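A.B. asks: Structure incoming, see below.
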Amino acid sequence: MDSNKRPEDMQRITTKELADEFINQEVEKVRKQVGNKKVLLAISGGVDSSVVAALLVKAIGKNLVCIHVNHGLMRKGESEQVIEVFKNKLDANLIYIDATDRFLDKLAGVTDPETKRKIIGAEFIRVFEEEARKLTDIEFLAQGTIYPDILESDGVKAHHNVGGLPDDLKFELVEPVKLLFKDEVRVVGQALGLPYSMVQRQPFPGPGLGVRCLGAITRDRLHALREADAILREEFDKAGLTEKVWQFFTVVPDFRSTGVRNGKRVFDWPCIIRAVNTVDAMSATVPEIDYAILKKITDRILGEVYGICRVLYDLSPKGPATIEWE
Ligand code: XMP
């Protein structure tokens, strides 16, 4: 039987009971596969790797070694949440690497979006490899591969399209959720006790804020972008929009426009709000957001985020516009 093919009669996991049953089965399978050996896992803060981490902590406890690389392009509070959930709550064996400076130094002056993506992906592999080499007794690598990854891209997780680890660092793979669809992974995550915000997290590109801080990334503009994004998320949450809108974020382009603040002329960045609804991300529509909500977000960004003097709402559907700006 092809272990990468979902059996036709496999029941969809829609309830806590079904999730618990799946978890018990996978815990047994993982224990059988890895015995008392150690397993390495990169956790990004995304749904899939978080669910795999929680499942493996349940199965093998401290024999799971998690690495979280903060590339400096995470949204506000995300790395902190990874540490809080996995280190403090689940008592997982977590190595936290703040590689912000390495990534931002490599990205300095780089304007081409695909080059930025490649740099971020390649640097991620390099940091992970360095850490993996320090750990001498690991034979297994866990991955948050899910069924759409197998269907769409030959089982390769799409975050980092820059190849994988070098040949001398080959591990046996542990992929407990590889036959599940996204909605099922979320149900399993909830049954494992992961926080709602982590399990229901909207899609977030591997290169993170790196493709939303348009053009050459600078620390000050990245900071403004992150703060504006946090305000948008907070206000969407308060307005009950987080569950209703598929993906939403801010973008800060690399040009300035004139403004006036406290009677003085300023030359600051614009901030674009992007919100979309879609089924498969191939096409997308723009939700009608209540004007009062947009105004509140605008007032907060203009009042609280240094360096921004205009806020715009992107009304463009996909296509012709893509969801991300670059
Ligand atoms: P676009 O911009 O192509 O986005 O309409 C479609 C979906 O893909 C996400 N996206 C990415 N995800 N690495 C990722 O892991 C990337 O480089 C990347 N670029 C876009 C985007 O956020 C949206 O959900």
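Identifiers in this document derive from the order of the structure tokens: chains are assigned A, B, ..., residues are numbered from 1 separately in each chain, and ligands are numbered from 1 in order of occurrence.
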Can you pull out every residue from stretch 53-157 of chain A that DSSP, working from the backbone, puts in helix (DSSP H, G or I), and format the result as a ChimeraX atom specification?
C.D. replies: /A:53-63,78-89,100-107,113-134,147-153
A.B. asks: Write as an mmCIF file with N, CA and C atoms, in the first residue's frame the residues around ligand 1, taking 9 Å as the cut-off and counting only C-alpha atoms and all ligand atoms.
C.D. replies:
```
data_model
loop_
_atom_site.group_PDB
_atom_site.id
_atom_site.type_symbol
_atom_site.label_atom_id
_atom_site.label_comp_id
_atom_site.auth_asym_id
_atom_site.auth_seq_id
_atom_site.Cartn_x
_atom_site.Cartn_y
_atom_site.Cartn_z
ATOM 1 N N PRO A 113 11.790 40.470 -5.318
ATOM 2 C CA PRO A 113 10.995 39.607 -4.438
ATOM 3 C C PRO A 113 11.438 38.145 -4.441
ATOM 4 N N GLU A 114 11.729 37.595 -5.619
ATOM 5 C CA GLU A 114 12.102 36.179 -5.654
ATOM 6 C C GLU A 114 13.482 35.962 -5.029
ATOM 7 N N ARG A 117 12.909 35.917 -1.352
ATOM 8 C CA ARG A 117 12.375 34.602 -0.938
ATOM 9 C C ARG A 117 13.495 33.563 -0.865
ATOM 10 N N LYS A 118 14.357 33.561 -1.900
ATOM 11 C CA LYS A 118 15.430 32.546 -1.945
ATOM 12 C C LYS A 118 16.398 32.734 -0.781
ATOM 13 N N LYS A 157 7.163 20.186 1.479
ATOM 14 C CA LYS A 157 6.526 21.293 2.158
ATOM 15 C C LYS A 157 6.910 22.586 1.438
ATOM 16 N N ALA A 158 5.887 23.408 1.148
ATOM 17 C CA ALA A 158 6.118 24.505 0.207
ATOM 18 C C ALA A 158 6.805 25.750 0.788
ATOM 19 N N HIS A 159 7.102 25.764 2.089
ATOM 20 C CA HIS A 159 7.620 26.999 2.682
ATOM 21 C C HIS A 159 8.928 27.476 2.045
ATOM 22 N N HIS A 160 9.818 26.529 1.821
ATOM 23 C CA HIS A 160 11.173 26.958 1.480
ATOM 24 C C HIS A 160 11.595 26.263 0.203
ATOM 25 N N ASN A 161 11.299 26.906 -0.905
ATOM 26 C CA ASN A 161 11.544 26.266 -2.189
ATOM 27 C C ASN A 161 13.001 26.404 -2.619
ATOM 28 N N GLN A 202 -4.348 32.080 10.299
ATOM 29 C CA GLN A 202 -4.540 32.256 8.858
ATOM 30 C C GLN A 202 -3.235 31.924 8.124
ATOM 31 N N PRO A 203 -3.326 31.651 6.807
ATOM 32 C CA PRO A 203 -2.095 31.349 6.073
ATOM 33 C C PRO A 203 -1.083 32.485 6.212
ATOM 34 N N PHE A 204 0.150 32.111 6.417
ATOM 35 C CA PHE A 204 1.210 33.123 6.560
ATOM 36 C C PHE A 204 2.383 32.634 5.720
ATOM 37 N N PRO A 205 2.853 33.435 4.770
ATOM 38 C CA PRO A 205 3.910 32.938 3.877
ATOM 39 C C PRO A 205 5.202 32.623 4.624
ATOM 40 N N GLY A 206 5.910 31.596 4.161
ATOM 41 C CA GLY A 206 7.203 31.248 4.761
ATOM 42 C C GLY A 206 8.112 32.460 4.924
ATOM 43 N N PRO A 207 8.236 33.319 3.885
ATOM 44 C CA PRO A 207 9.113 34.499 4.026
ATOM 45 C C PRO A 207 8.526 35.580 4.924
ATOM 46 N N GLY A 208 7.345 35.324 5.460
ATOM 47 C CA GLY A 208 6.775 36.195 6.477
ATOM 48 C C GLY A 208 6.613 37.647 6.044
ATOM 49 N N VAL A 211 7.964 39.693 2.606
ATOM 50 C CA VAL A 211 7.353 40.026 1.310
ATOM 51 C C VAL A 211 6.235 41.067 1.456
ATOM 52 N N TRP A 246 -10.555 35.387 5.252
ATOM 53 C CA TRP A 246 -9.616 34.277 5.064
ATOM 54 C C TRP A 246 -8.173 34.683 5.396
ATOM 55 N N GLN A 247 -7.782 35.846 4.880
ATOM 56 C CA GLN A 247 -6.410 36.318 5.141
ATOM 57 C C GLN A 247 -6.412 37.841 5.128
ATOM 58 N N ASP A 280 -9.449 28.609 -2.445
ATOM 59 C CA ASP A 280 -8.216 27.866 -2.742
ATOM 60 C C ASP A 280 -7.015 28.776 -3.035
ATOM 61 N N ALA A 281 -7.160 30.068 -2.794
ATOM 62 C CA ALA A 281 -6.096 31.059 -3.016
ATOM 63 C C ALA A 281 -5.762 31.265 -4.498
ATOM 64 N N MET A 282 -6.486 30.570 -5.394
ATOM 65 C CA MET A 282 -6.237 30.755 -6.827
ATOM 66 C C MET A 282 -6.924 32.033 -7.331
ATOM 67 N N SER A 283 -8.092 32.299 -6.771
ATOM 68 C CA SER A 283 -8.763 33.574 -7.030
ATOM 69 C C SER A 283 -9.245 34.070 -5.675
ATOM 70 N N ALA A 284 -9.499 35.366 -5.572
ATOM 71 C CA ALA A 284 -9.905 35.894 -4.267
ATOM 72 C C ALA A 284 -10.750 37.142 -4.449
ATOM 73 N N LYS A 318 -8.238 39.058 -6.747
ATOM 74 C CA LYS A 318 -7.286 38.208 -7.467
ATOM 75 C C LYS A 318 -8.096 37.410 -8.481
ATOM 76 N N GLY A 319 -7.879 37.464 -9.800
ATOM 77 C CA GLY A 319 -6.974 38.347 -10.458
ATOM 78 C C GLY A 319 -7.663 39.627 -10.876
ATOM 79 N N ALA A 321 -4.947 41.125 -9.463
ATOM 80 C CA ALA A 321 -3.931 41.297 -8.410
ATOM 81 C C ALA A 321 -3.706 39.973 -7.686
ATOM 82 N N THR A 322 -2.504 39.702 -7.269
ATOM 83 C CA THR A 322 -2.268 38.550 -6.397
ATOM 84 C C THR A 322 -2.640 38.958 -4.968
ATOM 85 N N ILE A 323 -2.646 37.994 -4.064
ATOM 86 C CA ILE A 323 -2.989 38.299 -2.673
ATOM 87 C C ILE A 323 -1.848 39.102 -2.045
ATOM 88 N N GLU A 324 -0.643 38.576 -2.112
ATOM 89 C CA GLU A 324 0.517 39.332 -1.617
ATOM 90 C C GLU A 324 0.872 40.414 -2.644
ATOM 91 N N TRP A 325 1.612 41.404 -2.190
ATOM 92 C CA TRP A 325 2.001 42.502 -3.089
ATOM 93 C C TRP A 325 3.271 42.205 -3.855
ATOM 94 N N GLU A 326 4.071 41.275 -3.337
ATOM 95 C CA GLU A 326 5.283 40.920 -4.106
ATOM 96 C C GLU A 326 5.612 39.454 -3.878
#
```
A.B. asks: For A:Val185, which residue among A:Phe140, A:Phe249, A:Phe22, A:Phe128 is the nearest when counting only C-alpha atoms?
C.D. replies: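 For A:Val185, the nearest of the candidates is A:Phe22.
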A.B. asks: Excluding A:Ile273 and its own-chain neighbours fewer than 3 positions away, which residues fall within 7 Å of it when counting only C-alpha atoms? Please give them as a PDB file with N, CA, C and O atoms, in the first residue's frame.
C.D. replies:
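Output file result.pdb follows:
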```pdb
ATOM      1  N   PHE A 249      -3.801  41.412   6.190  1.00  0.00           N
ATOM      2  CA  PHE A 249      -2.481  41.852   6.638  1.00  0.00           C
ATOM      3  C   PHE A 249      -2.213  43.270   6.147  1.00  0.00           C
ATOM      4  O   PHE A 249      -3.013  43.824   5.389  1.00  0.00           O
ATOM      5  N   THR A 250      -1.119  43.826   6.592  1.00  0.00           N
ATOM      6  CA  THR A 250      -0.729  45.141   6.088  1.00  0.00           C
ATOM      7  C   THR A 250       0.520  45.005   5.220  1.00  0.00           C
ATOM      8  O   THR A 250       1.261  44.025   5.313  1.00  0.00           O
ATOM      9  N   VAL A 251       0.707  46.003   4.379  1.00  0.00           N
ATOM     10  CA  VAL A 251       1.859  46.059   3.478  1.00  0.00           C
ATOM     11  C   VAL A 251       2.422  47.469   3.590  1.00  0.00           C
ATOM     12  O   VAL A 251       1.648  48.430   3.637  1.00  0.00           O
ATOM     13  N   LEU A 312      -4.370  52.949   3.303  1.00  0.00           N
ATOM     14  CA  LEU A 312      -5.197  52.650   2.132  1.00  0.00           C
ATOM     15  C   LEU A 312      -5.792  51.254   2.269  1.00  0.00           C
ATOM     16  O   LEU A 312      -5.161  50.361   2.848  1.00  0.00           O
ATOM     17  N   TYR A 313      -6.977  51.062   1.694  1.00  0.00           N
ATOM     18  CA  TYR A 313      -7.582  49.717   1.665  1.00  0.00           C
ATOM     19  C   TYR A 313      -7.543  49.222   0.216  1.00  0.00           C
ATOM     20  O   TYR A 313      -8.052  49.892  -0.689  1.00  0.00           O
ATOM     21  N   ASP A 314      -6.912  48.084   0.011  1.00  0.00           N
ATOM     22  CA  ASP A 314      -6.730  47.533  -1.331  1.00  0.00           C
ATOM     23  C   ASP A 314      -8.030  46.846  -1.783  1.00  0.00           C
ATOM     24  O   ASP A 314      -8.450  45.861  -1.189  1.00  0.00           O
TER      25      ASP A 314
END
```
A.B. asks: Can you list, as a list in words, every residue of stretch 92-252 of chain A that DSSP puts in strand (DSSP E or B)?
C.D. replies: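 Reading the DSSP output for stretch 92-252 of chain A, strand (DSSP E or B) covers Asn93, Leu94, Ile95, Tyr96, Ile97, Asp98, Ile138, Glu139, Phe140, Leu141, Ala142, Glu172, Leu173, Val174, Cys213, Gln247, Phe248, Phe249, Thr250, Val251 and Val252 of chain A.
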A.B. asks: For the residues selected in the previous step, produce a file with N, CA and C atoms as a PDB file, in the first residue's frame.
C.D. replies:
```pdb
ATOM      1  N   ASN A  93      11.052  20.160  24.703  1.00  0.00           N
ATOM      2  CA  ASN A  93      12.477  20.414  24.560  1.00  0.00           C
ATOM      3  C   ASN A  93      12.642  21.379  23.371  1.00  0.00           C
ATOM      4  N   LEU A  94      12.706  22.683  23.665  1.00  0.00           N
ATOM      5  CA  LEU A  94      12.670  23.680  22.581  1.00  0.00           C
ATOM      6  C   LEU A  94      13.956  24.496  22.542  1.00  0.00           C
ATOM      7  N   ILE A  95      14.558  24.525  21.358  1.00  0.00           N
ATOM      8  CA  ILE A  95      15.716  25.397  21.155  1.00  0.00           C
ATOM      9  C   ILE A  95      15.225  26.616  20.388  1.00  0.00           C
ATOM     10  N   TYR A  96      15.400  27.797  20.983  1.00  0.00           N
ATOM     11  CA  TYR A  96      14.943  29.028  20.323  1.00  0.00           C
ATOM     12  C   TYR A  96      16.149  29.779  19.787  1.00  0.00           C
ATOM     13  N   ILE A  97      16.113  30.057  18.494  1.00  0.00           N
ATOM     14  CA  ILE A  97      17.231  30.789  17.893  1.00  0.00           C
ATOM     15  C   ILE A  97      16.729  32.119  17.358  1.00  0.00           C
ATOM     16  N   ASP A  98      17.224  33.202  17.898  1.00  0.00           N
ATOM     17  CA  ASP A  98      16.882  34.502  17.332  1.00  0.00           C
ATOM     18  C   ASP A  98      17.926  34.844  16.272  1.00  0.00           C
ATOM     19  N   ILE A 138      20.701  12.331  16.726  1.00  0.00           N
ATOM     20  CA  ILE A 138      19.353  12.386  16.169  1.00  0.00           C
ATOM     21  C   ILE A 138      19.271  11.579  14.877  1.00  0.00           C
ATOM     22  N   GLU A 139      18.246  10.728  14.780  1.00  0.00           N
ATOM     23  CA  GLU A 139      18.098   9.908  13.567  1.00  0.00           C
ATOM     24  C   GLU A 139      16.829  10.224  12.795  1.00  0.00           C
ATOM     25  N   PHE A 140      15.929  10.978  13.428  1.00  0.00           N
ATOM     26  CA  PHE A 140      14.627  11.213  12.790  1.00  0.00           C
ATOM     27  C   PHE A 140      14.355  12.702  12.635  1.00  0.00           C
ATOM     28  N   LEU A 141      13.659  13.022  11.549  1.00  0.00           N
ATOM     29  CA  LEU A 141      13.231  14.401  11.319  1.00  0.00           C
ATOM     30  C   LEU A 141      11.714  14.406  11.147  1.00  0.00           C
ATOM     31  N   ALA A 142      11.019  15.153  12.006  1.00  0.00           N
ATOM     32  CA  ALA A 142       9.561  15.239  11.869  1.00  0.00           C
ATOM     33  C   ALA A 142       9.218  16.428  10.986  1.00  0.00           C
ATOM     34  N   GLU A 172      15.525   9.826   8.879  1.00  0.00           N
ATOM     35  CA  GLU A 172      14.281   9.142   8.528  1.00  0.00           C
ATOM     36  C   GLU A 172      13.124  10.077   8.908  1.00  0.00           C
ATOM     37  N   LEU A 173      12.135  10.183   8.028  1.00  0.00           N
ATOM     38  CA  LEU A 173      11.049  11.146   8.264  1.00  0.00           C
ATOM     39  C   LEU A 173       9.937  10.600   9.163  1.00  0.00           C
ATOM     40  N   VAL A 174       9.412  11.511   9.977  1.00  0.00           N
ATOM     41  CA  VAL A 174       8.238  11.216  10.799  1.00  0.00           C
ATOM     42  C   VAL A 174       7.181  12.247  10.397  1.00  0.00           C
ATOM     43  N   CYS A 213       7.076  43.919   3.499  1.00  0.00           N
ATOM     44  CA  CYS A 213       7.911  45.116   3.624  1.00  0.00           C
ATOM     45  C   CYS A 213       8.551  45.222   2.233  1.00  0.00           C
ATOM     46  N   GLN A 247      -7.782  35.846   4.880  1.00  0.00           N
ATOM     47  CA  GLN A 247      -6.410  36.318   5.141  1.00  0.00           C
ATOM     48  C   GLN A 247      -6.412  37.841   5.128  1.00  0.00           C
ATOM     49  N   PHE A 248      -5.724  38.440   6.081  1.00  0.00           N
ATOM     50  CA  PHE A 248      -5.659  39.915   6.111  1.00  0.00           C
ATOM     51  C   PHE A 248      -4.333  40.335   6.726  1.00  0.00           C
ATOM     52  N   PHE A 249      -3.801  41.412   6.190  1.00  0.00           N
ATOM     53  CA  PHE A 249      -2.481  41.852   6.638  1.00  0.00           C
ATOM     54  C   PHE A 249      -2.213  43.270   6.147  1.00  0.00           C
ATOM     55  N   THR A 250      -1.119  43.826   6.592  1.00  0.00           N
ATOM     56  CA  THR A 250      -0.729  45.141   6.088  1.00  0.00           C
ATOM     57  C   THR A 250       0.520  45.005   5.220  1.00  0.00           C
ATOM     58  N   VAL A 251       0.707  46.003   4.379  1.00  0.00           N
ATOM     59  CA  VAL A 251       1.859  46.059   3.478  1.00  0.00           C
ATOM     60  C   VAL A 251       2.422  47.469   3.590  1.00  0.00           C
ATOM     61  N   VAL A 252       3.742  47.592   3.675  1.00  0.00           N
ATOM     62  CA  VAL A 252       4.324  48.942   3.664  1.00  0.00           C
ATOM     63  C   VAL A 252       5.307  49.047   2.498  1.00  0.00           C
TER      64      VAL A 252
END
```
A.B. asks: Between atom CA of A:Val266 and atom CA of A:Arg219, what is the distance, to one decimal in Å?
C.D. replies: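 If I compute the distance from atom CA of A:Val266 to atom CA of A:Arg219, I get 19.3 Å.
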A.B. asks: Pick out the closest residue to A:Gly193 from this set: A:Leu104, A:Ile308, A:Val85, A:Val286. Count only C-alpha atoms.
C.D. replies: A:Val85
A.B. asks: Which neighbours of A:Thr115 fall inside 12 Å, counting only C-alpha atoms, when residues of the same chain fewer than 6 positions from it are skipped, and could you give them as an mmCIF file with N, CA and C atoms, in the first residue's frame?
C.D. replies:
```cif
data_model
loop_
_atom_site.group_PDB
_atom_site.id
_atom_site.type_symbol
_atom_site.label_atom_id
_atom_site.label_comp_id
_atom_site.auth_asym_id
_atom_site.auth_seq_id
_atom_site.Cartn_x
_atom_site.Cartn_y
_atom_site.Cartn_z
ATOM 1 N N LYS A 106 21.615 39.730 5.589
ATOM 2 C CA LYS A 106 21.628 39.095 4.256
ATOM 3 C C LYS A 106 20.659 39.790 3.286
ATOM 4 N N LEU A 107 19.574 40.320 3.831
ATOM 5 C CA LEU A 107 18.534 40.914 2.977
ATOM 6 C C LEU A 107 18.773 42.393 2.686
ATOM 7 N N ALA A 108 19.742 42.971 3.360
ATOM 8 C CA ALA A 108 19.966 44.422 3.227
ATOM 9 C C ALA A 108 20.197 44.790 1.757
ATOM 10 N N GLY A 109 19.428 45.735 1.269
ATOM 11 C CA GLY A 109 19.618 46.239 -0.094
ATOM 12 C C GLY A 109 19.023 45.363 -1.188
ATOM 13 N N GLY A 121 14.712 31.529 2.435
ATOM 14 C CA GLY A 121 14.623 30.064 2.462
ATOM 15 C C GLY A 121 15.982 29.420 2.689
ATOM 16 N N ALA A 122 16.994 29.906 1.961
ATOM 17 C CA ALA A 122 18.333 29.307 2.052
ATOM 18 C C ALA A 122 18.938 29.550 3.433
ATOM 19 N N GLU A 123 18.733 30.742 3.967
ATOM 20 C CA GLU A 123 19.294 31.065 5.280
ATOM 21 C C GLU A 123 18.609 30.233 6.370
ATOM 22 N N ASN A 161 11.299 26.906 -0.905
ATOM 23 C CA ASN A 161 11.544 26.266 -2.189
ATOM 24 C C ASN A 161 13.001 26.404 -2.619
ATOM 25 N N VAL A 162 13.894 25.968 -1.763
ATOM 26 C CA VAL A 162 15.319 26.137 -2.050
ATOM 27 C C VAL A 162 16.083 24.845 -1.780
ATOM 28 N N PRO A 207 8.236 33.319 3.885
ATOM 29 C CA PRO A 207 9.113 34.499 4.026
ATOM 30 C C PRO A 207 8.526 35.580 4.924
ATOM 31 N N GLY A 210 8.683 39.581 5.313
ATOM 32 C CA GLY A 210 9.707 39.928 4.316
ATOM 33 C C GLY A 210 9.126 40.284 2.959
ATOM 34 N N VAL A 211 7.964 39.693 2.606
ATOM 35 C CA VAL A 211 7.353 40.026 1.310
ATOM 36 C C VAL A 211 6.235 41.067 1.456
ATOM 37 N N GLY A 215 10.208 45.788 -1.448
ATOM 38 C CA GLY A 215 11.533 46.248 -1.860
ATOM 39 C C GLY A 215 12.582 45.875 -0.829
ATOM 40 N N ALA A 216 13.623 46.725 -0.730
ATOM 41 C CA ALA A 216 14.713 46.441 0.215
ATOM 42 C C ALA A 216 14.204 46.657 1.656
ATOM 43 N N GLU A 326 4.071 41.275 -3.337
ATOM 44 C CA GLU A 326 5.283 40.920 -4.106
ATOM 45 C C GLU A 326 5.612 39.454 -3.878
#
```
A.B. asks: Mind checking which residues fall within 12 Å of A:Met74, counting only C-alpha atoms, ignoring those fewer than 5 positions away in the same chain, and posting them as a PyMOL selection string?
C.D. replies: chain A and resi 44-46+68-69+79-82+98-100+103+204-213+222-223+225-227+229-230
A.B. asks: Determine the nearest neighbour of A:Ile301 from the options A:Glu288, A:Asp183, A:Glu234, A:Glu21, counting only C-alpha atoms.
C.D. replies: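 Under the stated criterion, the closest residue is A:Glu234.
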A.B. asks: Point out the residue among A:Ile217, A:Leu64, A:Ile23, A:Ala292 with the least atom-to-atom distance to A:Leu192, counting only C-alpha atoms.
C.D. replies: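 The closest residue to A:Leu192 is A:Ile23.
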